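K.L.:
Data file final33.txt (compact mmCIF, C-alpha atoms and all ligand atoms) is appended below.
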# COMPACT_ATOMS: atom_id res chain seq x y z
CA MET A 126 170.07 -165.13 -27.37
CA SER A 127 169.14 -166.19 -23.85
CA GLY A 128 167.19 -169.46 -23.53
CA PRO A 129 163.76 -169.93 -22.01
CA VAL A 130 163.43 -169.61 -18.24
CA ILE A 131 162.58 -172.89 -16.48
CA GLN A 132 160.41 -172.06 -13.47
CA GLY A 133 160.51 -175.53 -11.87
CA TRP A 134 157.26 -174.96 -10.03
CA CYS A 135 153.60 -174.66 -10.89
CA PRO A 136 151.32 -171.83 -9.87
CA GLY A 137 148.73 -172.60 -7.21
CA ALA A 138 145.84 -170.69 -5.72
CA HIS A 139 147.88 -169.47 -2.74
CA ARG A 140 151.03 -169.03 -4.79
CA PRO A 141 150.03 -167.43 -8.10
CA MET A 142 152.56 -166.96 -10.88
CA ALA A 143 153.13 -163.52 -12.34
CA ALA A 144 152.65 -163.35 -16.10
CA ALA A 145 152.69 -160.44 -18.50
CA ASP A 146 148.89 -160.13 -18.37
CA GLY A 147 148.52 -160.47 -14.58
CA LEU A 148 148.57 -163.35 -12.13
CA VAL A 149 147.96 -166.98 -13.06
CA VAL A 150 145.90 -168.69 -10.33
CA ARG A 151 145.58 -172.45 -10.48
CA MET A 152 142.89 -174.54 -8.81
CA ARG A 153 143.34 -178.20 -7.95
CA PRO A 154 139.80 -179.49 -7.53
CA ALA A 155 139.50 -182.24 -4.94
CA LEU A 156 139.08 -185.68 -6.57
CA GLY A 157 139.58 -183.99 -9.92
CA GLN A 158 136.00 -182.83 -10.18
CA ILE A 159 133.77 -179.79 -9.76
CA THR A 160 130.06 -179.64 -9.11
CA PRO A 161 127.87 -177.81 -11.64
CA ALA A 162 127.50 -175.00 -9.07
CA GLN A 163 131.29 -174.72 -8.70
CA ALA A 164 131.66 -174.70 -12.49
CA ARG A 165 129.18 -171.83 -12.79
CA GLY A 166 131.04 -170.04 -10.00
CA ILE A 167 134.41 -170.45 -11.75
CA ALA A 168 132.90 -169.10 -14.99
CA ASP A 169 131.67 -166.02 -13.12
CA LEU A 170 135.06 -165.52 -11.44
CA ALA A 171 136.88 -165.78 -14.77
CA LEU A 172 134.80 -162.88 -16.03
CA ARG A 173 135.01 -160.87 -12.78
CA PHE A 174 138.69 -161.33 -11.90
CA GLY A 175 140.42 -162.66 -15.03
CA THR A 176 140.39 -162.62 -18.80
CA GLY A 177 137.07 -164.45 -19.11
CA LEU A 178 138.89 -167.63 -20.11
CA ILE A 179 139.47 -170.77 -18.06
CA GLU A 180 142.57 -172.82 -18.85
CA LEU A 181 142.73 -176.60 -18.50
CA THR A 182 146.18 -177.93 -17.68
CA SER A 183 147.94 -181.21 -18.44
CA ARG A 184 147.76 -182.02 -14.69
CA ALA A 185 143.95 -181.87 -14.74
CA ASN A 186 143.84 -178.50 -13.01
CA LEU A 187 141.97 -175.33 -13.88
CA GLN A 188 143.49 -171.89 -13.98
CA LEU A 189 142.52 -168.28 -14.43
CA ARG A 190 144.81 -165.69 -16.03
CA GLY A 191 145.05 -161.95 -15.94
CA VAL A 192 144.15 -161.72 -12.25
CA ALA A 193 144.85 -158.40 -10.48
CA ASP A 194 142.76 -158.77 -7.30
CA HIS A 195 144.24 -161.96 -5.87
CA ALA A 196 142.79 -161.46 -2.38
CA GLY A 197 139.30 -160.96 -3.77
CA LEU A 198 139.56 -164.04 -5.96
CA MET A 199 140.82 -166.16 -3.04
CA LEU A 200 137.83 -165.14 -0.94
CA ALA A 201 135.50 -166.11 -3.75
CA LEU A 202 137.28 -169.44 -4.37
CA ASP A 203 137.09 -170.20 -0.67
CA GLY A 204 133.36 -169.52 -0.79
CA LEU A 205 133.06 -172.10 -3.58
CA GLY A 206 135.05 -174.67 -1.56
CA LEU A 207 137.82 -174.77 -4.14
CA ILE A 208 140.90 -174.06 -2.04
CA ASP A 209 142.56 -175.51 1.02
CA ALA A 210 143.32 -173.36 4.03
CA ASP A 211 146.84 -174.83 4.20
CA PRO A 212 148.94 -173.50 1.27
CA ALA A 213 151.70 -176.09 1.78
CA PHE A 214 149.24 -178.97 1.67
CA GLU A 215 147.53 -177.57 -1.39
CA ALA A 216 150.88 -177.32 -3.17
CA ARG A 217 151.62 -181.03 -2.76
CA ARG A 218 148.05 -182.26 -3.39
CA ASN A 219 148.94 -183.20 -6.96
CA ILE A 220 146.70 -186.17 -7.65
CA THR A 221 145.42 -186.93 -11.14
CA LEU A 222 142.57 -189.44 -11.46
CA THR A 223 141.33 -191.17 -14.55
CA PRO A 224 137.96 -189.67 -15.53
CA PHE A 225 136.85 -193.17 -16.58
CA ARG A 226 135.70 -194.28 -13.16
CA ALA A 227 132.56 -194.98 -11.16
CA ALA A 228 131.37 -192.17 -8.89
CA GLY A 229 132.50 -193.04 -5.36
CA GLY A 230 134.42 -196.06 -6.68
CA ARG A 231 137.93 -197.38 -6.12
CA GLU A 232 139.79 -194.50 -7.79
CA GLU A 233 137.99 -191.85 -5.76
CA GLN A 234 138.46 -193.79 -2.53
CA ILE A 235 142.19 -194.08 -3.22
CA ALA A 236 142.49 -190.39 -4.07
CA ALA A 237 140.59 -189.35 -0.93
CA ALA A 238 142.80 -191.53 1.30
CA LEU A 239 145.93 -190.32 -0.47
CA GLU A 240 144.91 -186.70 0.07
CA GLN A 241 144.66 -187.37 3.78
CA ALA A 242 148.06 -189.09 3.82
CA LEU A 243 149.65 -186.13 2.04
CA ARG A 244 148.72 -183.88 4.97
CA ASP A 245 151.70 -185.42 6.77
CA PRO A 246 154.21 -182.57 7.30
CA GLY A 247 156.97 -185.16 6.79
CA LEU A 248 156.15 -184.99 3.09
CA ALA A 249 156.35 -181.20 2.96
CA SER A 250 159.59 -181.18 0.99
CA LEU A 251 158.14 -183.05 -2.01
CA PRO A 252 158.84 -180.88 -5.08
CA GLY A 253 156.02 -178.76 -6.46
CA LYS A 254 155.85 -180.81 -9.65
CA PHE A 255 155.86 -184.18 -7.87
CA GLY A 256 152.56 -185.89 -8.53
CA PHE A 257 150.46 -189.01 -8.07
CA VAL A 258 148.40 -190.69 -10.80
CA VAL A 259 145.40 -192.87 -9.94
CA ASP A 260 144.61 -195.05 -12.94
CA THR A 261 143.32 -198.43 -11.71
CA GLY A 262 141.11 -199.47 -14.63
CA ALA A 263 141.41 -202.48 -16.93
CA VAL A 264 143.56 -200.33 -19.27
CA ARG A 265 145.85 -197.47 -18.27
CA ARG A 266 144.25 -194.31 -19.61
CA LEU A 267 146.84 -192.02 -17.99
CA ALA A 268 149.98 -193.81 -19.15
CA ALA A 269 151.17 -190.64 -20.90
CA THR A 270 150.17 -188.29 -18.05
CA SER A 271 152.95 -186.80 -15.97
CA GLY A 272 153.27 -188.37 -12.53
CA ASP A 273 155.90 -189.70 -10.13
CA ILE A 274 154.00 -192.37 -8.25
CA ARG A 275 151.37 -194.37 -10.11
CA LEU A 276 148.54 -196.30 -8.51
CA GLU A 277 147.41 -198.75 -11.19
CA ALA A 278 146.10 -202.29 -11.58
CA ALA A 279 147.38 -205.63 -12.82
CA GLY A 280 144.24 -207.45 -13.89
CA GLY A 281 141.90 -206.39 -11.10
CA ASP A 282 144.57 -206.13 -8.40
CA LEU A 283 146.08 -202.86 -7.22
CA VAL A 284 149.70 -202.04 -8.08
CA VAL A 285 151.78 -199.10 -6.84
CA ARG A 286 154.63 -198.18 -9.15
CA ALA A 287 157.38 -195.58 -9.17
CA ASP A 288 157.43 -193.68 -12.47
CA GLY A 289 160.41 -194.95 -14.44
CA SER A 290 160.14 -198.50 -13.10
CA ASP A 291 158.51 -201.18 -15.30
CA THR A 292 157.08 -203.02 -12.34
CA GLY A 293 155.25 -202.09 -9.16
CA MET A 294 154.22 -203.48 -5.80
CA ALA A 295 151.05 -205.59 -5.76
CA VAL A 296 148.91 -204.59 -2.77
CA ALA A 297 145.78 -206.06 -1.25
CA SER A 298 143.68 -203.04 -0.33
CA ILE A 299 143.19 -199.31 -0.79
CA SER A 300 144.86 -198.55 2.52
CA ASP A 301 147.84 -200.74 1.55
CA ALA A 302 148.07 -198.87 -1.77
CA VAL A 303 148.20 -195.51 -0.03
CA GLU A 304 150.76 -196.84 2.45
CA ALA A 305 152.94 -198.10 -0.42
CA ALA A 306 152.64 -194.76 -2.27
CA VAL A 307 153.73 -192.89 0.85
CA ALA A 308 156.63 -195.34 1.33
CA LEU A 309 157.81 -194.56 -2.21
CA ALA A 310 157.52 -190.82 -1.57
CA ARG A 311 159.54 -191.16 1.66
CA TRP A 312 162.20 -193.21 -0.13
CA PHE A 313 162.41 -190.52 -2.83
CA LEU A 314 162.96 -187.83 -0.18
CA GLY A 315 165.36 -189.92 1.89
CA SER A 316 167.50 -191.09 -1.03
CA GLY A 317 168.28 -187.64 -2.39
CA GLY A 318 165.52 -187.27 -4.97
CA VAL A 319 165.19 -183.55 -4.27
CA GLY A 320 168.00 -181.33 -5.49
CA ALA A 321 169.43 -178.26 -3.79
CA ASP A 322 167.03 -176.18 -5.90
CA GLY A 323 164.03 -178.03 -4.42
CA ARG A 324 163.27 -179.78 -7.71
CA GLY A 325 163.22 -183.47 -8.55
CA ARG A 326 161.24 -186.12 -10.41
CA MET A 327 161.03 -189.84 -9.72
CA ALA A 328 161.98 -191.16 -13.17
CA ARG A 329 165.06 -188.92 -13.31
CA HIS A 330 166.05 -190.03 -9.81
CA LEU A 331 165.72 -193.72 -10.70
CA ALA A 332 168.11 -193.25 -13.60
CA SER A 333 170.92 -192.76 -11.07
CA THR A 334 169.58 -194.35 -7.88
CA PRO A 335 168.21 -197.90 -8.03
CA LEU A 336 164.90 -198.54 -6.34
CA PRO A 337 165.14 -201.09 -3.49
CA GLU A 338 163.66 -204.45 -4.50
CA ALA A 339 160.96 -204.21 -1.83
CA LEU A 340 159.66 -200.99 -3.40
CA LYS A 341 160.17 -202.12 -6.97
CA GLY A 342 157.85 -205.12 -6.82
CA ALA A 343 157.29 -207.52 -9.70
CA ALA A 344 153.76 -206.71 -10.84
CA GLN A 345 153.30 -205.57 -14.45
CA PRO A 346 150.54 -202.97 -14.74
CA ASN A 347 147.71 -203.30 -17.26
CA ALA A 348 148.34 -202.25 -20.86
CA PRO A 349 148.29 -198.56 -21.75
CA GLU A 350 145.48 -197.06 -23.81
CA VAL A 351 145.83 -194.07 -26.11
CA PRO A 352 144.54 -190.83 -24.54
CA ALA A 353 140.82 -190.23 -24.98
CA ARG A 354 139.46 -187.96 -27.74
CA PRO A 355 136.49 -185.59 -27.71
CA GLY A 356 133.10 -187.23 -28.15
CA PHE A 357 131.10 -189.85 -26.25
CA HIS A 358 133.24 -192.73 -24.97
CA ASP A 359 132.54 -195.40 -22.36
CA GLY A 360 129.83 -193.41 -20.61
CA LEU A 361 131.58 -190.03 -20.67
CA ALA A 362 130.81 -187.00 -22.82
CA LEU A 363 134.21 -185.39 -23.45
CA PHE A 364 134.52 -181.73 -24.46
CA ALA A 365 137.92 -180.30 -25.37
CA ALA A 366 138.99 -176.72 -24.80
CA PRO A 367 140.58 -175.35 -28.00
CA PHE A 368 144.30 -174.88 -27.27
CA GLY A 369 143.53 -175.51 -23.60
CA GLN A 370 141.30 -172.46 -23.11
CA MET A 371 137.56 -172.40 -22.51
CA ALA A 372 135.34 -169.31 -22.56
CA ALA A 373 133.34 -168.64 -19.39
CA GLN A 374 130.04 -168.98 -21.26
CA ASP A 375 131.09 -172.41 -22.55
CA LEU A 376 131.93 -173.62 -19.04
CA ARG A 377 128.55 -172.34 -17.90
CA ALA A 378 126.86 -174.21 -20.76
CA LEU A 379 128.55 -177.43 -19.67
CA ALA A 380 127.53 -176.84 -16.06
CA ASP A 381 123.92 -176.37 -17.16
CA THR A 382 124.12 -179.66 -19.10
CA ALA A 383 125.91 -181.75 -16.47
CA PRO A 384 123.68 -184.08 -14.42
CA GLU A 385 126.48 -184.59 -11.87
CA SER A 386 130.01 -183.34 -11.11
CA LEU A 387 132.20 -182.47 -14.09
CA ARG A 388 135.52 -184.34 -14.21
CA VAL A 389 138.69 -182.48 -15.09
CA THR A 390 141.00 -184.52 -17.33
CA PRO A 391 144.72 -184.15 -18.12
CA TRP A 392 143.82 -184.00 -21.83
CA ARG A 393 142.52 -180.43 -21.63
CA MET A 394 138.98 -181.78 -21.73
CA LEU A 395 136.10 -181.79 -19.30
CA ALA A 396 134.23 -185.07 -18.97
CA LEU A 397 130.53 -185.23 -18.13
CA PRO A 398 129.38 -188.52 -16.59
CA GLY A 399 125.75 -189.54 -16.20
CA LEU A 400 124.70 -188.93 -19.82
CA ARG A 401 123.74 -191.47 -22.51
CA HIS A 402 125.09 -189.55 -25.49
CA MET A 403 126.84 -186.34 -26.49
CA PRO A 404 124.49 -183.51 -25.47
CA ALA A 405 123.77 -180.51 -27.71
CA LEU A 406 125.27 -177.22 -26.52
CA PRO A 407 124.03 -173.70 -27.27
CA GLU A 408 124.79 -172.41 -30.75
CA GLY A 409 128.01 -170.45 -31.04
CA HIS A 410 129.98 -172.44 -28.45
CA GLU A 411 133.67 -172.98 -29.23
CA LEU A 412 134.25 -176.35 -27.57
CA ILE A 413 135.62 -179.29 -29.53
CA VAL A 414 133.08 -182.12 -29.57
CA SER A 415 134.42 -184.36 -32.34
CA PRO A 416 137.71 -186.26 -32.73
CA ASP A 417 137.86 -184.97 -36.33
CA ASP A 418 138.02 -181.29 -35.40
CA PRO A 419 141.09 -179.81 -37.18
CA ARG A 420 141.98 -177.83 -34.06
CA LEU A 421 143.09 -181.12 -32.49
CA ARG A 422 145.97 -181.26 -34.97
CA VAL A 423 147.46 -178.09 -33.54
CA LEU A 424 149.01 -177.35 -30.16
CA ALA A 425 149.77 -173.85 -28.92
CA CYS A 426 151.10 -172.40 -25.69
CA THR A 427 150.02 -169.16 -24.00
CA GLY A 428 152.29 -166.97 -26.11
CA ALA A 429 152.08 -163.18 -26.08
CA PRO A 430 150.73 -161.20 -24.42
CA GLY A 431 150.19 -163.63 -21.52
CA CYS A 432 153.68 -165.11 -21.28
CA PRO A 433 156.59 -162.75 -20.62
CA GLN A 434 158.93 -165.03 -22.60
CA ALA A 435 156.93 -164.78 -25.81
CA SER A 436 157.39 -162.17 -28.52
CA VAL A 437 154.61 -163.62 -30.70
CA GLU A 438 150.91 -164.35 -30.40
CA THR A 439 150.28 -168.11 -30.69
CA ARG A 440 146.68 -169.22 -30.22
CA GLN A 441 144.98 -167.10 -32.86
CA LEU A 442 147.67 -168.14 -35.30
CA ALA A 443 147.12 -171.80 -34.37
CA ALA A 444 143.37 -171.46 -34.98
CA ARG A 445 144.03 -169.79 -38.34
CA LEU A 446 146.48 -172.48 -39.48
CA ALA A 447 144.54 -175.53 -38.22
CA PRO A 448 142.28 -176.02 -41.30
CA TYR A 449 145.32 -176.09 -43.61
CA LEU A 450 147.16 -178.87 -41.83
CA PRO A 451 146.88 -182.24 -43.62
CA ASP A 452 145.18 -185.04 -41.70
CA GLY A 453 147.58 -187.08 -39.59
CA GLU A 454 150.07 -184.24 -39.10
CA LEU A 455 150.74 -182.27 -35.94
CA LEU A 456 151.55 -178.57 -35.78
CA HIS A 457 152.99 -177.00 -32.66
CA VAL A 458 152.98 -173.22 -32.32
CA SER A 459 155.34 -172.33 -29.49
CA GLY A 460 155.96 -168.83 -28.21
CA CYS A 461 159.60 -169.72 -27.47
CA ALA A 462 161.96 -172.69 -27.50
CA LYS A 463 160.78 -173.97 -24.12
CA GLY A 464 157.83 -175.72 -25.78
CA CYS A 465 155.42 -175.73 -22.83
CA ALA A 466 152.42 -176.97 -24.83
CA HIS A 467 154.26 -179.95 -26.32
CA PRO A 468 157.84 -180.61 -25.20
CA ALA A 469 158.34 -183.17 -27.97
CA ARG A 470 158.54 -183.59 -31.74
CA ALA A 471 155.80 -182.48 -34.12
CA THR A 472 155.43 -182.63 -37.90
CA VAL A 473 155.90 -178.88 -37.99
CA THR A 474 156.97 -176.71 -35.06
CA LEU A 475 156.83 -172.93 -35.21
CA VAL A 476 158.95 -171.22 -32.58
CA GLY A 477 158.58 -167.51 -31.88
CA ARG A 478 161.73 -165.43 -31.85
CA ALA A 479 161.97 -161.64 -31.92
CA GLY A 480 158.45 -161.21 -33.28
CA LYS A 481 158.81 -163.79 -36.08
CA PHE A 482 158.88 -167.57 -36.32
CA ASP A 483 161.47 -170.25 -36.90
CA LEU A 484 160.14 -173.41 -38.57
CA ILE A 485 161.33 -176.88 -37.59
CA ARG A 486 160.22 -179.96 -39.51
CA ASP A 487 159.98 -183.25 -37.60
CA GLY A 488 161.66 -181.86 -34.53
CA ALA A 489 161.13 -180.35 -31.09
CA PRO A 490 160.99 -176.59 -30.30
CA TRP A 491 164.62 -176.54 -29.22
CA GLY A 492 165.83 -178.26 -32.41
CA SER A 493 167.71 -176.68 -35.33
CA PRO A 494 165.34 -174.66 -37.50
CA ASP A 495 164.88 -175.40 -41.20
CA GLN A 496 163.78 -171.81 -41.83
CA THR A 497 164.09 -168.70 -39.70
CA GLY A 498 162.58 -165.24 -39.43
CA LEU A 499 159.20 -166.09 -40.98
CA ALA A 500 156.48 -163.46 -40.70
CA PRO A 501 153.17 -164.82 -39.29
CA GLU A 502 151.23 -163.88 -42.43
CA THR A 503 153.47 -166.09 -44.61
CA LEU A 504 152.95 -169.25 -42.58
CA THR A 505 149.79 -170.60 -44.22
CA ASP A 506 151.73 -171.36 -47.40
CA MET A 507 154.57 -172.92 -45.41
CA ILE A 508 152.48 -175.60 -43.73
CA ARG A 509 149.93 -176.69 -46.32
S1 LIG A 601 156.67 -172.04 -24.60
FE1 LIG A 601 155.08 -170.46 -24.63
S2 LIG A 601 154.17 -170.46 -22.60
FE2 LIG A 601 156.10 -171.60 -22.46
S3 LIG A 601 157.61 -170.05 -21.80
FE3 LIG A 601 157.68 -170.12 -24.05
S4 LIG A 601 156.24 -168.56 -24.73
FE4 LIG A 601 155.80 -168.94 -22.59
Could you show the structure in this file as structure tokens?
P.N.:
Amino acid sequence: MSGPVIQGWCPGAHRPMAAADGLVVRMRPALGQITPAQARGIADLALRFGTGLIELTSRANLQLRGVADHAGLMLALDGLGLIDADPAFEARRNITLTPFRAAGGREEQIAAALEQALRDPGLASLPGKFGFVVDTGAVRRLAATSGDIRLEAAGGDLVVRADGSDTGMAVASISDAVEAAVALARWFLGSGGVGADGRGRMARHLASTPLPEALKGAAQPNAPEVPARPGFHDGLALFAAPFGQMAAQDLRALADTAPESLRVTPWRMLALPGLRHMPALPEGHELIVSPDDPRLRVLACTGAPGCPQASVETRQLAARLAPYLPDGELLHVSGCAKGCAHPARATVTLVGRAGKFDLIRDGAPWGSPDQTGLAPETLTDMIR
């Protein structure tokens, strides 16, 4: 059996990825947010050009699937102000901001300055998955979010830290923070962080190449916080997309409810600032609004028919199994052993293979299965 194919790059708007159901087109909204008008526009484009679903990614991006008319979609996205004219710049504009921030505050100022700095063609060879995390609050909300250079805080002071290093450089100002982040990126490029295949991540690089003391710093960042859950927390109304997918009408409902720009989170949730409590949405919506929703105990990747590596459907099965999973357990339904939705252990992992499922208890998708060749209709009994 051949193993899963590792792509090593992420789709973008200019560089869509071909999937079994058409092109996957990813948008990286500037400052990690979209206006209500842009949200309504994306909902319309999902229906016009895609499957009618909008996907939320773990890098706080949005993507449409099933796209056939890429040129038409690009024109429409350009009209909404959602793409950059420069494809190379857009590809390296991987900045994830904490949604727990003040509008126009320190995080957004850092991200805006960093975006400008990343226009430097000298940084063009940064790998497609190389990213920056801006998380400068009193607790680190994005500690578990993928990133290579982290702009954080120690107490109230700014710290710039290479992912994989315990400590970072204390800096005095936003411009110093951006300068330090660019210095780390240049060191990564200059010290062989990018392999011959164009890939590379900071933490992996540090495992073999020590960071110079001047870039390592001695500042300990603030303590991490567990990722946010759906519901109203610290001034944000958080709505989760079941299994990372949101119907166009649900995005439109959020846009109609949002008093200001919607923030895209890396937790497959949209956050609405400017409200005092969780707003009511139209009846029939499918969004997750409560931390107790059983769908939060289940993770599922794209599966068939969207992913060419899958021989099984995943998301409908995940929705069917969710109510049977005991509280406190985690089920991962993975179309193949790559484990895109959750490359880690789960209480139960179902891995698609040749139209059936292998079952792994307390392991990762690539682990040794406890049972093999299970038909989807038999799985309810297996997990409860
Ligand atoms: S884990 Fe799922 S989405 Fe990822 S390659 Fe396998 S089938 Fe496709």
K.L.:
At a cut-off of 6 Å around ligand LIG 601 (chain A), and using all atoms listed in the file, what residues come up? Please write them as a list of chain:residue names.
P.N.:
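The distance check yields A:Cys426, A:Thr427, A:Gly428, A:Cys432, A:Gln434, A:Ala435, A:Ser459, A:Gly460, A:Cys461, A:Lys463, A:Gly464, A:Cys465.
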K.L.:
Give me, please, the distance in Å between CA of Ala162 in chain A and CA of Ala380 in chain A, quoted to one decimal.
P.N.:
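Between CA of Ala162 in chain A and CA of Ala380 in chain A the gap is 7.2 Å.
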K.L.:
List every protein, DNA or RNA residue that has an atom no more than 9 Å from (143.4, -182.9, 1.8) in the file's coordinate frame, counting only C-alpha atoms, and report them as a PyMOL selection string.
P.N.:
chain A and resi 155+209+214-215+218+237-244
K.L.:
Once you count all atoms listed in the file, what closest atom pair and distance in Å to one decimal does each residue of range 155-200 of chain A within 10 Å of range 364-373 of chain A have, with rows by chain and rising residue number, as a tab-separated table?
P.N.:
residue	atom	partner	partner_atom	distance
A:Ala164	CA	A:Ala373	CA	9.3
A:Arg165	CA	A:Ala373	CA	8.4
A:Gly166	CA	A:Ala373	CA	9.8
A:Ile167	CA	A:Ala373	CA	7.9
A:Ala168	CA	A:Ala373	CA	4.4
A:Asp169	CA	A:Ala373	CA	7.0
A:Leu170	CA	A:Ala373	CA	8.7
A:Ala171	CA	A:Ala373	CA	6.5
A:Leu172	CA	A:Ala373	CA	6.8
A:Thr176	CA	A:Ala372	CA	9.2
A:Gly177	CA	A:Ala373	CA	5.6
A:Leu178	CA	A:Ala372	CA	4.6
A:Ile179	CA	A:Met371	CA	5.1
A:Glu180	CA	A:Gln370	CA	4.5
A:Leu181	CA	A:Gly369	CA	5.3
A:Thr182	CA	A:Gly369	CA	6.9
A:Ser183	CA	A:Gly369	CA	8.9
A:Leu187	CA	A:Gln370	CA	9.7
A:Gln188	CA	A:Gln370	CA	9.4
A:Leu189	CA	A:Gln370	CA	9.7
K.L.:
I'd like a table as JSON lines: residues in range 197-296 of chain A with an atom no more than 6 Å from range 328-351 of chain A, each row giving the shortest atom pair and its distance in Å to one decimal, all atoms listed in the file counted, sorted by chain and rising residue number.
P.N.:
{"residue": "A:Val264", "atom": "CA", "partner": "A:Ala348", "partner_atom": "CA", "distance": 5.4}
{"residue": "A:Arg265", "atom": "CA", "partner": "A:Pro349", "partner_atom": "CA", "distance": 4.4}
{"residue": "A:Arg266", "atom": "CA", "partner": "A:Glu350", "partner_atom": "CA", "distance": 5.2}
{"residue": "A:Ala268", "atom": "CA", "partner": "A:Pro349", "partner_atom": "CA", "distance": 5.7}
{"residue": "A:Ala278", "atom": "CA", "partner": "A:Pro346", "partner_atom": "CA", "distance": 5.5}
{"residue": "A:Ala279", "atom": "CA", "partner": "A:Pro346", "partner_atom": "CA", "distance": 4.6}
{"residue": "A:Asp288", "atom": "CA", "partner": "A:Ala328", "partner_atom": "CA", "distance": 5.2}
{"residue": "A:Gly289", "atom": "CA", "partner": "A:Ala328", "partner_atom": "CA", "distance": 4.3}
{"residue": "A:Thr292", "atom": "CA", "partner": "A:Gln345", "partner_atom": "CA", "distance": 5.0}
{"residue": "A:Gly293", "atom": "CA", "partner": "A:Gly342", "partner_atom": "CA", "distance": 4.6}
{"residue": "A:Met294", "atom": "CA", "partner": "A:Gly342", "partner_atom": "CA", "distance": 4.1}
{"residue": "A:Ala295", "atom": "CA", "partner": "A:Ala344", "partner_atom": "CA", "distance": 5.9}
K.L.:
What is the distance between CA of Leu276 in chain A and CA of Arg140 in chain A, in Å to one decimal?
P.N.:
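So the two atoms, CA of Leu276 in chain A and CA of Arg140 in chain A, lie 27.6 Å apart.
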K.L.:
Enter the distance from CA of Ser290 in chain A to CA of Ala305 in chain A, in Å, rounded to one decimal.
P.N.:
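Computing the Euclidean distance for CA of Ser290 in chain A and CA of Ala305 in chain A yields 14.6 Å.
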K.L.:
Counting all atoms listed in the file, which residues come within 8 Å of (135.7, -193.3, -17.9), with the point read in the file's coordinates, and could you list them as a list in words?
P.N.:
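Using all atoms listed in the file, the matching residues come out as Thr223, Pro224, Phe225, Arg226, Ala227, His358, Asp359, Gly360 and Leu361 of chain A.
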K.L.:
Do a neighbour search on Thr221 in chain A at 7 Å with all atoms listed in the file, toss out local chain neighbours closer than 3 positions, and write the hits as a PyMOL selection string.
P.N.:
chain A and resi 157+184-185+257-259
K.L.:
Keeping only C-alpha atoms, write the selected residues as a tab-separated table (two decimals), in the frame of the given file.
P.N.:
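Writing the result to again_36.tsv gives the following:
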chain	number	residue	atom	x	y	z
A	157	GLY	CA	139.58	-183.99	-9.92
A	184	ARG	CA	147.76	-182.02	-14.69
A	185	ALA	CA	143.95	-181.87	-14.74
A	257	PHE	CA	150.46	-189.01	-8.07
A	258	VAL	CA	148.40	-190.69	-10.80
A	259	VAL	CA	145.40	-192.87	-9.94
K.L.:
My list of candidates is A:Thr439, A:Ala138, A:Asp282, A:Gln163. Which is closest to Leu376 in chain A when distances are computed with all atoms listed in the file?
P.N.:
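Going through A:Thr439, A:Ala138, A:Asp282, A:Gln163 one by one, the smallest distance to Leu376 in chain A is for A:Gln163.
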